[in-house]
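Peer 1: Would you mind keeping the following structure in view while I ask a few things?
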Amino acid sequence: MVRGKTQMRRIENATSRQVTFSKRRNGLLKKAFELSVLCDAEVGLIIFSPRGKLYEFASSSIPEVIERYKRHTKDKVQPDESQSVDIQHTKQETASLMKKIELLESSKRKLLGEGLGSCSLEEVQQLEKQLEQSVTTIRARKMQVFREQMERLKERERALTAENMMLRELKFGGDEERRKSSGVICIEGGSTGSEKSDVETELFIGQPHYHDSRIRRPEWS
């Protein structure tokens with residue numbers, strides 16, 4: 001069966017908590033021993049149970065590991081002079097940036113019409129000039145955007161007009177060809193009708209005879 005994921009929180013049941021402590025303590029001690037042997041590392045492990053019982057492991061001895069740890073941390077705690085200078089410089093830059101941010105926030109509120117109670121007449125006039133310059137710049141940009149949009153619309157209109165003219169030429173050109181073709185047929189039909197209209201269709205009483213000189217009359221006995 002698949003083992004469920006263990007939630008990282010305190011186990012409320014005392015029996016389950018003690019069983020879990022014993023299993024994980026033994027596993028941790030085993031891992032510490034394997035790490036010291038396989039990697040030739042100096043390992044020190046100290047565990048206190050919930051009841052205050054001590055469990056420890058050390059590749060050499062716990063006091064030696066603790067003493068080495070103290071020496072190592074003591075060297076790390078004392079920074080050199082260059083680090084202290086860098087820290088001081090960083091603090092000064094941070095303070096300067098904070099002041100600039102406060103000034104910018106104050107200017108922003110004043111431009112929005114907030115916090116003007118402490119402003120003098122000269123400051124208010126200066127704010128008015130800044131706003132007028134900003135409005136002039138914004139209007140110039142607006143007109144530029146309008147012009148650009150108009151140019152794009154004109155280009156689009158010219159493209160659509162050219163496309164429309166091309167489609168009309170194609171359409172009327174096809175109609176003209178169809179009219180020419182139909183005109184030839186009408187002329188041929190008219191000529192045929194005119195030829196047929198030359199034939200005489202008069203009614204005669206008596207012996208049949210032909211009026212067409214091109215056809216010989218039959219001889220009657």
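Every chain in the structure tokens has a letter given in the order shown (A, B, ...), and although residue numbers restart at 1 in each chain, ligands are simply numbered from 1 in the order shown.
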If you run DSSP on the backbone here, which positions in stretch 6-195 of chain A get alpha helix (DSSP H)? Please write them as a ChimeraX atom specification.

Peer 2: /A:14-38,62-77,81-111,121-195

Peer 1: Would you compute the distance between atom CA of A:Ser36 and atom CA of A:Ile66? Give it in Å to one decimal.

Peer 2: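 Result for atom CA of A:Ser36 versus atom CA of A:Ile66: 16.0 Å, one decimal.
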
Peer 1: Which residue out of A:Arg9, A:Tyr55, A:Cys39, A:Arg156 has the minimum interatomic distance to A:Arg25 when only C-alpha atoms are used?

Peer 2: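 The shortest atom-to-atom distance to A:Arg25 comes from A:Tyr55.
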
Peer 1: At what distance in Å, to one decimal, does atom CA of A:Gln144 lie from atom CA of A:Leu160?

Peer 2: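 Those two atoms sit 24.4 Å apart.
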
Peer 1: What is the atom CA of A:Tyr69-atom CA of A:Val85 distance in Å, reported with one decimal?

Peer 2: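 Distance reported for this atom pair: 27.3 Å.
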